Structures are given as structure tokens and as C-alpha cells.
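The file target-v6.txt comes next; it holds compact mmCIF, N, CA, C and O atoms.
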# COMPACT_ATOMS: atom_id res chain seq x y z
N MET C 1 3.65 55.11 21.18
CA MET C 1 4.07 53.78 21.54
C MET C 1 4.15 52.91 20.30
O MET C 1 3.33 53.03 19.40
N SER C 2 5.13 52.07 20.22
CA SER C 2 5.28 51.22 19.03
C SER C 2 4.38 49.99 19.15
O SER C 2 4.04 49.55 20.23
N GLU C 3 4.04 49.45 17.99
CA GLU C 3 3.20 48.25 17.96
C GLU C 3 4.02 47.02 18.30
O GLU C 3 5.21 46.97 18.07
N ARG C 4 3.34 46.09 18.83
CA ARG C 4 3.99 44.83 19.18
C ARG C 4 4.19 44.00 17.91
O ARG C 4 3.32 43.92 17.05
N ALA C 5 5.33 43.34 17.81
CA ALA C 5 5.63 42.52 16.63
C ALA C 5 4.74 41.29 16.62
O ALA C 5 4.45 40.71 17.68
N PRO C 6 4.27 40.88 15.44
CA PRO C 6 3.43 39.68 15.38
C PRO C 6 4.21 38.46 15.85
O PRO C 6 5.37 38.27 15.50
N VAL C 7 3.56 37.64 16.63
CA VAL C 7 4.21 36.47 17.21
C VAL C 7 4.60 35.47 16.12
O VAL C 7 5.67 34.87 16.17
N PHE C 8 3.76 35.28 15.13
CA PHE C 8 4.01 34.30 14.08
C PHE C 8 4.56 34.93 12.80
O PHE C 8 4.57 34.30 11.76
N GLY C 9 4.97 36.14 12.86
CA GLY C 9 5.49 36.81 11.67
C GLY C 9 4.36 37.18 10.74
O GLY C 9 3.20 37.36 11.14
N ASP C 10 4.65 37.30 9.46
CA ASP C 10 3.64 37.67 8.46
C ASP C 10 3.01 36.40 7.90
O ASP C 10 3.67 35.61 7.22
N LEU C 11 1.73 36.18 8.18
CA LEU C 11 1.03 35.00 7.70
C LEU C 11 0.09 35.33 6.55
O LEU C 11 -0.83 34.57 6.26
N GLY C 12 0.33 36.48 5.90
CA GLY C 12 -0.55 36.91 4.82
C GLY C 12 -0.58 35.94 3.66
O GLY C 12 -1.60 35.79 2.99
N ASP C 13 0.51 35.27 3.37
CA ASP C 13 0.57 34.35 2.24
C ASP C 13 0.30 32.89 2.65
O ASP C 13 0.51 31.98 1.86
N PHE C 14 -0.17 32.70 3.85
CA PHE C 14 -0.42 31.34 4.34
C PHE C 14 -1.69 30.78 3.73
O PHE C 14 -2.73 31.42 3.72
N THR C 15 -1.59 29.55 3.21
CA THR C 15 -2.78 28.84 2.76
C THR C 15 -2.73 27.45 3.36
O THR C 15 -1.68 26.79 3.32
N PRO C 16 -3.82 27.00 3.94
CA PRO C 16 -3.80 25.68 4.57
C PRO C 16 -3.60 24.58 3.54
O PRO C 16 -4.02 24.70 2.39
N ARG C 17 -2.94 23.53 3.96
CA ARG C 17 -2.68 22.38 3.11
C ARG C 17 -3.98 21.62 2.91
O ARG C 17 -4.78 21.45 3.83
N LYS C 18 -4.19 21.14 1.71
CA LYS C 18 -5.38 20.34 1.42
C LYS C 18 -5.20 18.97 2.06
O LYS C 18 -4.10 18.43 2.11
N SER C 19 -6.29 18.43 2.59
CA SER C 19 -6.20 17.11 3.23
C SER C 19 -5.91 16.06 2.17
O SER C 19 -6.49 16.07 1.09
N SER C 20 -5.02 15.17 2.51
CA SER C 20 -4.66 14.12 1.57
C SER C 20 -5.41 12.84 1.93
O SER C 20 -5.85 12.65 3.06
N ALA C 21 -5.52 11.97 0.97
CA ALA C 21 -6.20 10.70 1.21
C ALA C 21 -5.33 9.85 2.13
O ALA C 21 -4.11 9.82 2.01
N ARG C 22 -5.95 9.19 3.06
CA ARG C 22 -5.21 8.36 4.02
C ARG C 22 -4.86 7.04 3.37
O ARG C 22 -5.61 6.48 2.59
N MET C 23 -3.69 6.54 3.78
CA MET C 23 -3.25 5.24 3.26
C MET C 23 -4.01 4.13 3.96
O MET C 23 -4.50 4.30 5.07
N ASP C 24 -4.05 3.00 3.31
CA ASP C 24 -4.67 1.81 3.86
C ASP C 24 -3.87 1.36 5.09
O ASP C 24 -2.65 1.22 5.01
N PRO C 25 -4.53 1.14 6.25
CA PRO C 25 -3.79 0.73 7.45
C PRO C 25 -3.00 -0.56 7.26
O PRO C 25 -1.92 -0.72 7.82
N LYS C 26 -3.49 -1.47 6.46
CA LYS C 26 -2.77 -2.72 6.22
C LYS C 26 -1.46 -2.44 5.47
O LYS C 26 -0.44 -3.07 5.74
N ALA C 27 -1.53 -1.50 4.52
CA ALA C 27 -0.31 -1.15 3.78
C ALA C 27 0.69 -0.48 4.71
O ALA C 27 1.89 -0.73 4.64
N LEU C 28 0.20 0.36 5.62
CA LEU C 28 1.09 1.01 6.59
C LEU C 28 1.73 -0.02 7.51
O LEU C 28 2.93 0.06 7.81
N ASP C 29 0.96 -0.99 7.94
CA ASP C 29 1.50 -2.06 8.80
C ASP C 29 2.58 -2.84 8.07
O ASP C 29 3.61 -3.19 8.65
N GLN C 30 2.36 -3.11 6.78
CA GLN C 30 3.33 -3.86 6.00
C GLN C 30 4.63 -3.06 5.84
O GLN C 30 5.73 -3.60 6.00
N ILE C 31 4.51 -1.76 5.56
CA ILE C 31 5.70 -0.90 5.42
C ILE C 31 6.46 -0.84 6.74
O ILE C 31 7.69 -0.94 6.77
N ALA C 32 5.73 -0.71 7.84
CA ALA C 32 6.37 -0.65 9.15
C ALA C 32 7.09 -1.96 9.45
O ALA C 32 8.21 -1.96 9.97
N LYS C 33 6.47 -3.06 9.13
CA LYS C 33 7.07 -4.37 9.39
C LYS C 33 8.35 -4.55 8.56
O LYS C 33 9.37 -5.04 9.06
N GLU C 34 8.30 -4.14 7.31
CA GLU C 34 9.46 -4.28 6.42
C GLU C 34 10.64 -3.41 6.89
O GLU C 34 11.79 -3.75 6.65
N ASN C 35 10.34 -2.28 7.54
CA ASN C 35 11.40 -1.37 7.97
C ASN C 35 11.76 -1.50 9.44
O ASN C 35 12.51 -0.69 9.97
N GLY C 36 11.21 -2.49 10.11
CA GLY C 36 11.62 -2.78 11.48
C GLY C 36 10.99 -1.88 12.53
O GLY C 36 11.54 -1.71 13.61
N PHE C 37 9.84 -1.29 12.25
CA PHE C 37 9.14 -0.47 13.24
C PHE C 37 8.10 -1.33 13.95
O PHE C 37 7.15 -1.79 13.32
N PRO C 38 8.26 -1.57 15.24
CA PRO C 38 7.28 -2.41 15.95
C PRO C 38 5.96 -1.67 16.15
O PRO C 38 5.91 -0.45 16.18
N SER C 39 4.94 -2.45 16.30
CA SER C 39 3.61 -1.88 16.55
C SER C 39 3.54 -1.40 17.99
O SER C 39 4.14 -1.97 18.89
N ARG C 40 2.79 -0.34 18.22
CA ARG C 40 2.61 0.16 19.57
C ARG C 40 1.46 -0.53 20.28
O ARG C 40 1.30 -0.40 21.47
N SER C 41 0.64 -1.21 19.55
CA SER C 41 -0.51 -1.86 20.19
C SER C 41 -0.02 -3.05 21.01
O SER C 41 0.85 -3.80 20.59
N ALA C 42 -0.61 -3.16 22.19
CA ALA C 42 -0.22 -4.25 23.09
C ALA C 42 -0.84 -5.54 22.61
O ALA C 42 -2.03 -5.61 22.34
N ARG C 43 -0.02 -6.54 22.53
CA ARG C 43 -0.52 -7.86 22.14
C ARG C 43 -0.28 -8.80 23.29
O ARG C 43 0.86 -9.07 23.66
N GLU C 44 -1.35 -9.25 23.89
CA GLU C 44 -1.24 -10.13 25.05
C GLU C 44 -0.87 -11.53 24.60
O GLU C 44 -1.46 -12.08 23.68
N GLN C 45 0.14 -12.07 25.23
CA GLN C 45 0.58 -13.42 24.91
C GLN C 45 0.43 -14.28 26.15
O GLN C 45 0.57 -13.80 27.27
N PRO C 46 0.17 -15.55 25.97
CA PRO C 46 0.02 -16.42 27.13
C PRO C 46 1.30 -16.44 27.95
O PRO C 46 2.39 -16.46 27.41
N GLY C 47 1.14 -16.40 29.26
CA GLY C 47 2.28 -16.44 30.15
C GLY C 47 2.89 -15.08 30.44
O GLY C 47 3.86 -14.99 31.18
N ASP C 48 2.37 -14.00 29.85
CA ASP C 48 2.91 -12.66 30.10
C ASP C 48 2.60 -12.16 31.50
O ASP C 48 3.38 -11.45 32.09
N LYS C 49 1.45 -12.54 32.03
CA LYS C 49 1.04 -12.02 33.33
C LYS C 49 1.74 -12.76 34.45
O LYS C 49 1.90 -13.97 34.40
N GLU C 50 2.13 -12.01 35.46
CA GLU C 50 2.74 -12.62 36.63
C GLU C 50 1.64 -13.21 37.50
O GLU C 50 0.55 -12.67 37.58
N PRO C 51 1.90 -14.29 38.20
CA PRO C 51 0.85 -14.91 39.01
C PRO C 51 0.40 -14.04 40.18
O PRO C 51 -0.69 -14.19 40.66
N THR C 52 1.26 -13.09 40.64
CA THR C 52 0.87 -12.26 41.78
C THR C 52 0.13 -10.99 41.37
O THR C 52 -0.21 -10.19 42.21
N GLN C 53 -0.08 -10.81 40.07
CA GLN C 53 -0.74 -9.59 39.62
C GLN C 53 -2.19 -9.56 40.09
O GLN C 53 -2.92 -10.53 39.95
N ALA C 54 -2.59 -8.44 40.67
CA ALA C 54 -3.93 -8.32 41.24
C ALA C 54 -4.97 -8.18 40.14
O ALA C 54 -4.71 -7.62 39.08
N GLN C 55 -6.15 -8.69 40.42
CA GLN C 55 -7.27 -8.54 39.51
C GLN C 55 -7.80 -7.13 39.61
O GLN C 55 -7.75 -6.51 40.68
N PRO C 56 -8.37 -6.57 38.54
CA PRO C 56 -8.94 -5.23 38.63
C PRO C 56 -10.05 -5.21 39.67
O PRO C 56 -10.87 -6.12 39.73
N ARG C 57 -10.06 -4.19 40.48
CA ARG C 57 -11.06 -4.11 41.54
C ARG C 57 -12.26 -3.29 41.09
O ARG C 57 -12.14 -2.40 40.26
N GLN C 58 -13.38 -3.61 41.69
CA GLN C 58 -14.59 -2.85 41.43
C GLN C 58 -14.48 -1.51 42.15
O GLN C 58 -13.86 -1.41 43.20
N GLY C 59 -15.11 -0.51 41.61
CA GLY C 59 -15.10 0.81 42.24
C GLY C 59 -15.84 0.78 43.56
O GLY C 59 -16.81 0.05 43.73
N ARG C 60 -15.37 1.57 44.50
CA ARG C 60 -16.01 1.64 45.82
C ARG C 60 -16.40 3.08 46.08
O ARG C 60 -15.56 3.97 46.02
N ARG C 61 -17.65 3.30 46.38
CA ARG C 61 -18.13 4.62 46.76
C ARG C 61 -18.99 4.50 48.00
O ARG C 61 -20.03 3.87 47.98
N TYR C 62 -18.49 5.04 49.10
CA TYR C 62 -19.24 5.00 50.34
C TYR C 62 -19.33 6.42 50.87
O TYR C 62 -18.39 7.20 50.77
N THR C 63 -20.47 6.75 51.44
CA THR C 63 -20.62 8.02 52.12
C THR C 63 -20.39 7.77 53.59
O THR C 63 -21.19 7.10 54.24
N THR C 64 -19.29 8.27 54.10
CA THR C 64 -18.94 8.06 55.50
C THR C 64 -18.52 9.40 56.09
O THR C 64 -18.40 10.39 55.39
N GLY C 65 -18.25 9.42 57.36
CA GLY C 65 -17.77 10.63 58.00
C GLY C 65 -16.26 10.78 57.89
O GLY C 65 -15.68 11.71 58.42
N ARG C 66 -15.64 9.87 57.20
CA ARG C 66 -14.18 9.90 57.09
C ARG C 66 -13.77 10.91 56.03
O ARG C 66 -14.21 10.83 54.89
N ASN C 67 -12.90 11.83 56.44
CA ASN C 67 -12.46 12.84 55.49
C ASN C 67 -10.95 13.03 55.50
O ASN C 67 -10.44 14.00 54.99
N ARG C 68 -10.24 12.11 56.08
CA ARG C 68 -8.78 12.17 56.14
C ARG C 68 -8.21 11.00 55.37
O ARG C 68 -8.78 9.92 55.35
N GLN C 69 -7.08 11.23 54.75
CA GLN C 69 -6.46 10.19 53.94
C GLN C 69 -5.17 9.73 54.58
O GLN C 69 -4.44 10.51 55.15
N ILE C 70 -4.90 8.44 54.47
CA ILE C 70 -3.65 7.87 54.95
C ILE C 70 -3.05 7.07 53.81
O ILE C 70 -3.74 6.35 53.10
N ASN C 71 -1.77 7.24 53.61
CA ASN C 71 -1.08 6.55 52.53
C ASN C 71 0.02 5.70 53.15
O ASN C 71 0.92 6.22 53.78
N VAL C 72 -0.07 4.41 52.98
CA VAL C 72 0.93 3.50 53.55
C VAL C 72 1.45 2.58 52.46
O VAL C 72 0.75 2.26 51.51
N LYS C 73 2.69 2.17 52.62
CA LYS C 73 3.26 1.19 51.71
C LYS C 73 3.02 -0.20 52.30
O LYS C 73 3.15 -0.39 53.50
N ALA C 74 2.67 -1.13 51.44
CA ALA C 74 2.41 -2.49 51.91
C ALA C 74 2.79 -3.46 50.80
O ALA C 74 2.95 -3.07 49.64
N THR C 75 2.90 -4.72 51.17
CA THR C 75 3.17 -5.75 50.17
C THR C 75 1.89 -6.01 49.38
O THR C 75 0.77 -5.68 49.82
N GLU C 76 2.05 -6.63 48.23
CA GLU C 76 0.90 -6.97 47.39
C GLU C 76 -0.06 -7.89 48.14
O GLU C 76 -1.28 -7.74 48.05
N GLU C 77 0.49 -8.82 48.92
CA GLU C 77 -0.35 -9.76 49.67
C GLU C 77 -1.19 -9.03 50.71
O GLU C 77 -2.37 -9.32 50.90
N THR C 78 -0.58 -8.05 51.41
CA THR C 78 -1.32 -7.29 52.42
C THR C 78 -2.43 -6.47 51.79
O THR C 78 -3.55 -6.41 52.31
N ILE C 79 -2.13 -5.85 50.68
CA ILE C 79 -3.14 -5.04 49.99
C ILE C 79 -4.29 -5.92 49.53
O ILE C 79 -5.47 -5.58 49.71
N ASN C 80 -3.96 -7.07 48.95
CA ASN C 80 -5.02 -7.99 48.50
C ASN C 80 -5.86 -8.49 49.67
O ASN C 80 -7.07 -8.63 49.55
N LEU C 81 -5.20 -8.76 50.82
CA LEU C 81 -5.92 -9.19 52.00
C LEU C 81 -6.87 -8.10 52.49
O LEU C 81 -8.03 -8.37 52.82
N LEU C 82 -6.40 -6.86 52.51
CA LEU C 82 -7.24 -5.74 52.95
C LEU C 82 -8.47 -5.61 52.06
O LEU C 82 -9.59 -5.49 52.54
N TYR C 83 -8.25 -5.65 50.75
CA TYR C 83 -9.38 -5.53 49.83
C TYR C 83 -10.32 -6.73 49.94
O TYR C 83 -11.55 -6.57 49.85
N SER C 84 -9.80 -7.93 50.13
CA SER C 84 -10.68 -9.09 50.22
C SER C 84 -11.53 -9.05 51.49
O SER C 84 -12.70 -9.40 51.47
N VAL C 85 -10.92 -8.59 52.61
CA VAL C 85 -11.70 -8.46 53.86
C VAL C 85 -12.76 -7.37 53.69
O VAL C 85 -13.91 -7.53 54.11
N ALA C 86 -12.39 -6.26 53.05
CA ALA C 86 -13.36 -5.18 52.83
C ALA C 86 -14.51 -5.66 51.95
O ALA C 86 -15.68 -5.32 52.20
N ASP C 87 -14.20 -6.44 50.92
CA ASP C 87 -15.25 -6.98 50.07
C ASP C 87 -16.14 -7.96 50.82
O ASP C 87 -17.36 -7.94 50.68
N GLU C 88 -15.51 -8.80 51.64
CA GLU C 88 -16.26 -9.80 52.40
C GLU C 88 -17.21 -9.14 53.40
O GLU C 88 -18.36 -9.56 53.56
N LEU C 89 -16.74 -8.07 54.05
CA LEU C 89 -17.56 -7.37 55.03
C LEU C 89 -18.46 -6.32 54.41
O LEU C 89 -19.30 -5.73 55.09
N ASN C 90 -18.24 -6.04 53.11
CA ASN C 90 -18.97 -4.99 52.40
C ASN C 90 -18.82 -3.65 53.13
O ASN C 90 -19.79 -2.96 53.39
N GLN C 91 -17.60 -3.34 53.49
CA GLN C 91 -17.27 -2.13 54.24
C GLN C 91 -16.19 -1.35 53.49
O GLN C 91 -15.38 -1.94 52.77
N PRO C 92 -16.12 -0.04 53.70
CA PRO C 92 -15.01 0.72 53.12
C PRO C 92 -13.70 0.38 53.81
O PRO C 92 -13.68 -0.17 54.92
N LEU C 93 -12.60 0.71 53.15
CA LEU C 93 -11.28 0.37 53.68
C LEU C 93 -11.04 1.01 55.04
O LEU C 93 -10.42 0.40 55.92
N GLY C 94 -11.53 2.22 55.25
CA GLY C 94 -11.35 2.89 56.53
C GLY C 94 -12.02 2.15 57.67
O GLY C 94 -11.47 2.06 58.78
N ALA C 95 -13.21 1.61 57.42
CA ALA C 95 -13.92 0.85 58.45
C ALA C 95 -13.17 -0.44 58.77
O ALA C 95 -13.09 -0.84 59.94
N VAL C 96 -12.61 -1.09 57.76
CA VAL C 96 -11.85 -2.31 57.99
C VAL C 96 -10.60 -1.99 58.81
O VAL C 96 -10.24 -2.73 59.73
N LEU C 97 -9.94 -0.88 58.50
CA LEU C 97 -8.77 -0.48 59.27
C LEU C 97 -9.16 -0.21 60.73
O LEU C 97 -8.45 -0.64 61.65
N GLU C 98 -10.27 0.47 60.96
CA GLU C 98 -10.74 0.73 62.33
C GLU C 98 -10.98 -0.58 63.08
O GLU C 98 -10.55 -0.74 64.23
N LEU C 99 -11.67 -1.51 62.43
CA LEU C 99 -11.96 -2.80 63.08
C LEU C 99 -10.67 -3.55 63.40
O LEU C 99 -10.54 -4.12 64.49
N ALA C 100 -9.72 -3.54 62.47
CA ALA C 100 -8.47 -4.25 62.69
C ALA C 100 -7.68 -3.63 63.83
O ALA C 100 -7.11 -4.34 64.67
N LEU C 101 -7.64 -2.30 63.90
CA LEU C 101 -6.91 -1.63 64.98
C LEU C 101 -7.56 -1.86 66.33
O LEU C 101 -6.87 -2.09 67.33
N LYS C 102 -8.89 -1.82 66.38
CA LYS C 102 -9.59 -2.09 67.64
C LYS C 102 -9.33 -3.52 68.10
O LYS C 102 -9.12 -3.77 69.29
N ALA C 103 -9.33 -4.47 67.15
CA ALA C 103 -9.06 -5.87 67.50
C ALA C 103 -7.63 -6.02 68.01
O ALA C 103 -7.38 -6.76 68.97
N LEU C 104 -6.69 -5.31 67.41
CA LEU C 104 -5.30 -5.37 67.86
C LEU C 104 -5.15 -4.80 69.26
O LEU C 104 -4.48 -5.40 70.11
N VAL C 105 -5.79 -3.67 69.53
CA VAL C 105 -5.71 -3.07 70.86
C VAL C 105 -6.34 -4.00 71.89
O VAL C 105 -5.79 -4.21 72.98
N THR C 106 -7.48 -4.60 71.57
CA THR C 106 -8.14 -5.54 72.48
C THR C 106 -7.25 -6.75 72.74
O THR C 106 -7.09 -7.18 73.90
N GLN C 107 -6.67 -7.30 71.70
CA GLN C 107 -5.80 -8.47 71.84
C GLN C 107 -4.58 -8.14 72.70
O GLN C 107 -4.19 -8.93 73.56
N ARG C 108 -4.00 -6.98 72.50
CA ARG C 108 -2.81 -6.61 73.29
C ARG C 108 -3.17 -6.37 74.75
O ARG C 108 -2.40 -6.73 75.64
N SER C 109 -4.33 -5.76 75.01
CA SER C 109 -4.70 -5.51 76.40
C SER C 109 -5.03 -6.83 77.12
O SER C 109 -4.77 -6.97 78.31
N GLU C 110 -5.61 -7.79 76.42
CA GLU C 110 -5.90 -9.09 77.01
C GLU C 110 -4.61 -9.88 77.23
O GLU C 110 -4.51 -10.65 78.19
N ALA C 111 -3.63 -9.70 76.37
CA ALA C 111 -2.36 -10.40 76.52
C ALA C 111 -1.57 -9.87 77.70
O ALA C 111 -0.79 -10.60 78.32
N GLU C 112 -1.76 -8.60 78.07
CA GLU C 112 -1.05 -7.99 79.19
C GLU C 112 -1.60 -8.44 80.54
O GLU C 112 -0.95 -8.33 81.54
N LYS C 113 -2.84 -8.94 80.55
CA LYS C 113 -3.46 -9.33 81.81
C LYS C 113 -2.96 -10.62 82.32
O LYS C 113 -2.42 -11.49 81.88

Hey, can you dump this file as C-alpha cells for me?
Amino acid sequence: MSERAPVFGDLGDFTPRKSSARMDPKALDQIAKENGFPSRSAREQPGDKEPTQAQPRQGRRYTTGRNRQINVKATEETINLLYSVADELNQPLGAVLELALKALVTQRSEAEK
């Protein structure tokens, strides 16, 4: 059986490149600025944020018997309302959904009477 050909060819004469000294970051920024390369770092400017942008939420970890996931599309206002009610009641989102659905069913049955 013939031998398999080396994947990278003959690397017998390979010698690693010596590490070079790094340039000063300020000098690199100046060179980039002179040549029209924008910085990748985000610079927050006043007025950039939209007024409807949600605040970062705290993590929620609850041990419940719920093991099914539901994914629904909603408006930003509805999502914020759901999270604010869940925070106010100190309940997981699933429990808030259960309470809301039970209240809706109760309201509809009372309206039919």
C-alpha cells in the first residue's frame, strides 16, 4: 500500500517567525485616522439610543414544573409589560402567563352570563 501524501507538503525547512515588537497603539490609531480607517470600538454619543429601547433585564432563575417552551412574537410594549408584571409579582414568565390566561377565561365566562 502506498503512503498517504503529507497534507502540508514538506515542512522540513520551516522555521517559525520571530515575534516582532508591537507598535504603540496611539501610533496605530494615528496611522488609521490618516488613512481613513474607522475605529471598530463603539463610541456612545448622546441621543444615539432610541427612547423605546428596553433596559437590560436581570437574570431570572426559577425552579418550576414547567418544561415546555413557547415562542411568540409581540410588540416591545407588550414584552416590557410582561416583564414588568413578572417583576412586580416576583414570578416567572410562565406563571404570569397562566394567571393572565385564567383571568381572561374568567372574564369571558362572566361576560357570557

Atom pair CA of Ile79 (chain C) / CA of Glu110 (chain C): separation (Å):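 Interatomic distance, CA of Ile79 (chain C) to CA of Glu110 (chain C): 27.5 Å.
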
Kindly provide, as lines of an AutoDock Vina configuration file, the centre and edge lengths (Å, one decimal) of an axis-aligned box around all atoms of region 99-109 of chain C given in the file, with 5 Å on each side.
center_x = -7.2
center_y = -5.2
center_z = 70.4
size_x = 19.6
size_y = 17.4
size_z = 25.9

Atom O of Val85 (chain C) to atom O of Ala111 (chain C), distance in Å rounded to a single decimal: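 Going from atom O of Val85 (chain C) over to atom O of Ala111 (chain C), I get 27.7 Å.
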
Between CA of Gln107 (chain C) and CA of Ala95 (chain C), distance in Å (one decimal): 18.2 Å

Which of C:Leu82, C:Gly94, C:Pro25, C:Thr15 sits closest to Arg68 (chain C) [using only N, CA, C and O atoms]: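 So, comparing all the options, the nearest one is C:Gly94.
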
Chain C: residues DSSP assigns to alpha helix (DSSP H), reported as a VMD selection string: chain C and resid 25 to 34 76 to 89 93 to 112

Any chance you could build region 62-71 of chain C out to all heavy atoms and write it as a PDB file, in the frame of the given file?
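Output below, filename rebuild18.pdb:
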ATOM      1  N   TYR C  62     -18.490   5.040  49.100  1.00  0.00           N
ATOM      2  CA  TYR C  62     -19.240   5.000  50.340  1.00  0.00           C
ATOM      3  C   TYR C  62     -19.330   6.420  50.870  1.00  0.00           C
ATOM      4  O   TYR C  62     -18.390   7.200  50.770  1.00  0.00           O
ATOM      5  CB  TYR C  62     -18.501   4.150  51.399  1.00  0.00           C
ATOM      6  CG  TYR C  62     -18.381   2.691  51.046  1.00  0.00           C
ATOM      7  CD1 TYR C  62     -17.229   2.194  50.464  1.00  0.00           C
ATOM      8  CD2 TYR C  62     -19.423   1.805  51.303  1.00  0.00           C
ATOM      9  CE1 TYR C  62     -17.104   0.853  50.151  1.00  0.00           C
ATOM     10  CE2 TYR C  62     -19.304   0.474  50.995  1.00  0.00           C
ATOM     11  CZ  TYR C  62     -18.156  -0.001  50.411  1.00  0.00           C
ATOM     12  OH  TYR C  62     -18.037  -1.334  50.100  1.00  0.00           O
ATOM     13  N   THR C  63     -20.470   6.750  51.440  1.00  0.00           N
ATOM     14  CA  THR C  63     -20.620   8.020  52.120  1.00  0.00           C
ATOM     15  C   THR C  63     -20.390   7.770  53.590  1.00  0.00           C
ATOM     16  O   THR C  63     -21.190   7.100  54.240  1.00  0.00           O
ATOM     17  CB  THR C  63     -22.025   8.613  51.881  1.00  0.00           C
ATOM     18  OG1 THR C  63     -22.228   8.716  50.475  1.00  0.00           O
ATOM     19  CG2 THR C  63     -22.155   9.967  52.519  1.00  0.00           C
ATOM     20  N   THR C  64     -19.290   8.270  54.100  1.00  0.00           N
ATOM     21  CA  THR C  64     -18.940   8.060  55.500  1.00  0.00           C
ATOM     22  C   THR C  64     -18.520   9.400  56.090  1.00  0.00           C
ATOM     23  O   THR C  64     -18.400  10.390  55.390  1.00  0.00           O
ATOM     24  CB  THR C  64     -17.761   7.066  55.652  1.00  0.00           C
ATOM     25  OG1 THR C  64     -16.602   7.647  55.055  1.00  0.00           O
ATOM     26  CG2 THR C  64     -18.068   5.742  54.976  1.00  0.00           C
ATOM     27  N   GLY C  65     -18.250   9.420  57.360  1.00  0.00           N
ATOM     28  CA  GLY C  65     -17.770  10.630  58.000  1.00  0.00           C
ATOM     29  C   GLY C  65     -16.260  10.780  57.890  1.00  0.00           C
ATOM     30  O   GLY C  65     -15.680  11.710  58.420  1.00  0.00           O
ATOM     31  N   ARG C  66     -15.640   9.870  57.200  1.00  0.00           N
ATOM     32  CA  ARG C  66     -14.180   9.900  57.090  1.00  0.00           C
ATOM     33  C   ARG C  66     -13.770  10.910  56.030  1.00  0.00           C
ATOM     34  O   ARG C  66     -14.210  10.830  54.890  1.00  0.00           O
ATOM     35  CB  ARG C  66     -13.659   8.512  56.733  1.00  0.00           C
ATOM     36  CG  ARG C  66     -13.928   7.498  57.811  1.00  0.00           C
ATOM     37  CD  ARG C  66     -13.501   6.110  57.362  1.00  0.00           C
ATOM     38  NE  ARG C  66     -14.010   5.129  58.292  1.00  0.00           N
ATOM     39  CZ  ARG C  66     -15.187   4.556  58.196  1.00  0.00           C
ATOM     40  NH1 ARG C  66     -15.986   4.860  57.209  1.00  0.00           N
ATOM     41  NH2 ARG C  66     -15.578   3.692  59.093  1.00  0.00           N
ATOM     42  N   ASN C  67     -12.900  11.830  56.440  1.00  0.00           N
ATOM     43  CA  ASN C  67     -12.460  12.840  55.490  1.00  0.00           C
ATOM     44  C   ASN C  67     -10.950  13.030  55.500  1.00  0.00           C
ATOM     45  O   ASN C  67     -10.440  14.000  54.990  1.00  0.00           O
ATOM     46  CB  ASN C  67     -13.160  14.172  55.752  1.00  0.00           C
ATOM     47  CG  ASN C  67     -12.882  14.697  57.133  1.00  0.00           C
ATOM     48  OD1 ASN C  67     -12.188  14.074  57.917  1.00  0.00           O
ATOM     49  ND2 ASN C  67     -13.427  15.859  57.429  1.00  0.00           N
ATOM     50  N   ARG C  68     -10.240  12.110  56.080  1.00  0.00           N
ATOM     51  CA  ARG C  68      -8.780  12.170  56.140  1.00  0.00           C
ATOM     52  C   ARG C  68      -8.210  11.000  55.370  1.00  0.00           C
ATOM     53  O   ARG C  68      -8.780   9.920  55.350  1.00  0.00           O
ATOM     54  CB  ARG C  68      -8.280  12.112  57.591  1.00  0.00           C
ATOM     55  CG  ARG C  68      -8.778  13.213  58.498  1.00  0.00           C
ATOM     56  CD  ARG C  68      -8.189  14.569  58.142  1.00  0.00           C
ATOM     57  NE  ARG C  68      -6.752  14.550  58.049  1.00  0.00           N
ATOM     58  CZ  ARG C  68      -5.926  14.927  59.003  1.00  0.00           C
ATOM     59  NH1 ARG C  68      -6.396  15.380  60.132  1.00  0.00           N
ATOM     60  NH2 ARG C  68      -4.627  14.858  58.824  1.00  0.00           N
ATOM     61  N   GLN C  69      -7.080  11.230  54.750  1.00  0.00           N
ATOM     62  CA  GLN C  69      -6.460  10.190  53.940  1.00  0.00           C
ATOM     63  C   GLN C  69      -5.170   9.730  54.580  1.00  0.00           C
ATOM     64  O   GLN C  69      -4.440  10.510  55.150  1.00  0.00           O
ATOM     65  CB  GLN C  69      -6.168  10.740  52.542  1.00  0.00           C
ATOM     66  CG  GLN C  69      -5.577   9.715  51.620  1.00  0.00           C
ATOM     67  CD  GLN C  69      -5.463  10.238  50.200  1.00  0.00           C
ATOM     68  OE1 GLN C  69      -6.180  11.147  49.819  1.00  0.00           O
ATOM     69  NE2 GLN C  69      -4.569   9.657  49.431  1.00  0.00           N
ATOM     70  N   ILE C  70      -4.900   8.440  54.470  1.00  0.00           N
ATOM     71  CA  ILE C  70      -3.650   7.870  54.950  1.00  0.00           C
ATOM     72  C   ILE C  70      -3.050   7.070  53.810  1.00  0.00           C
ATOM     73  O   ILE C  70      -3.740   6.350  53.100  1.00  0.00           O
ATOM     74  CB  ILE C  70      -3.874   6.992  56.205  1.00  0.00           C
ATOM     75  CG1 ILE C  70      -2.555   6.450  56.713  1.00  0.00           C
ATOM     76  CG2 ILE C  70      -4.864   5.901  55.941  1.00  0.00           C
ATOM     77  CD1 ILE C  70      -2.655   5.759  58.055  1.00  0.00           C
ATOM     78  N   ASN C  71      -1.770   7.240  53.610  1.00  0.00           N
ATOM     79  CA  ASN C  71      -1.080   6.550  52.530  1.00  0.00           C
ATOM     80  C   ASN C  71       0.020   5.700  53.150  1.00  0.00           C
ATOM     81  O   ASN C  71       0.920   6.220  53.780  1.00  0.00           O
ATOM     82  CB  ASN C  71      -0.497   7.569  51.553  1.00  0.00           C
ATOM     83  CG  ASN C  71       0.138   6.923  50.351  1.00  0.00           C
ATOM     84  OD1 ASN C  71       0.013   5.730  50.147  1.00  0.00           O
ATOM     85  ND2 ASN C  71       0.827   7.712  49.563  1.00  0.00           N
TER      86      ASN C  71
END
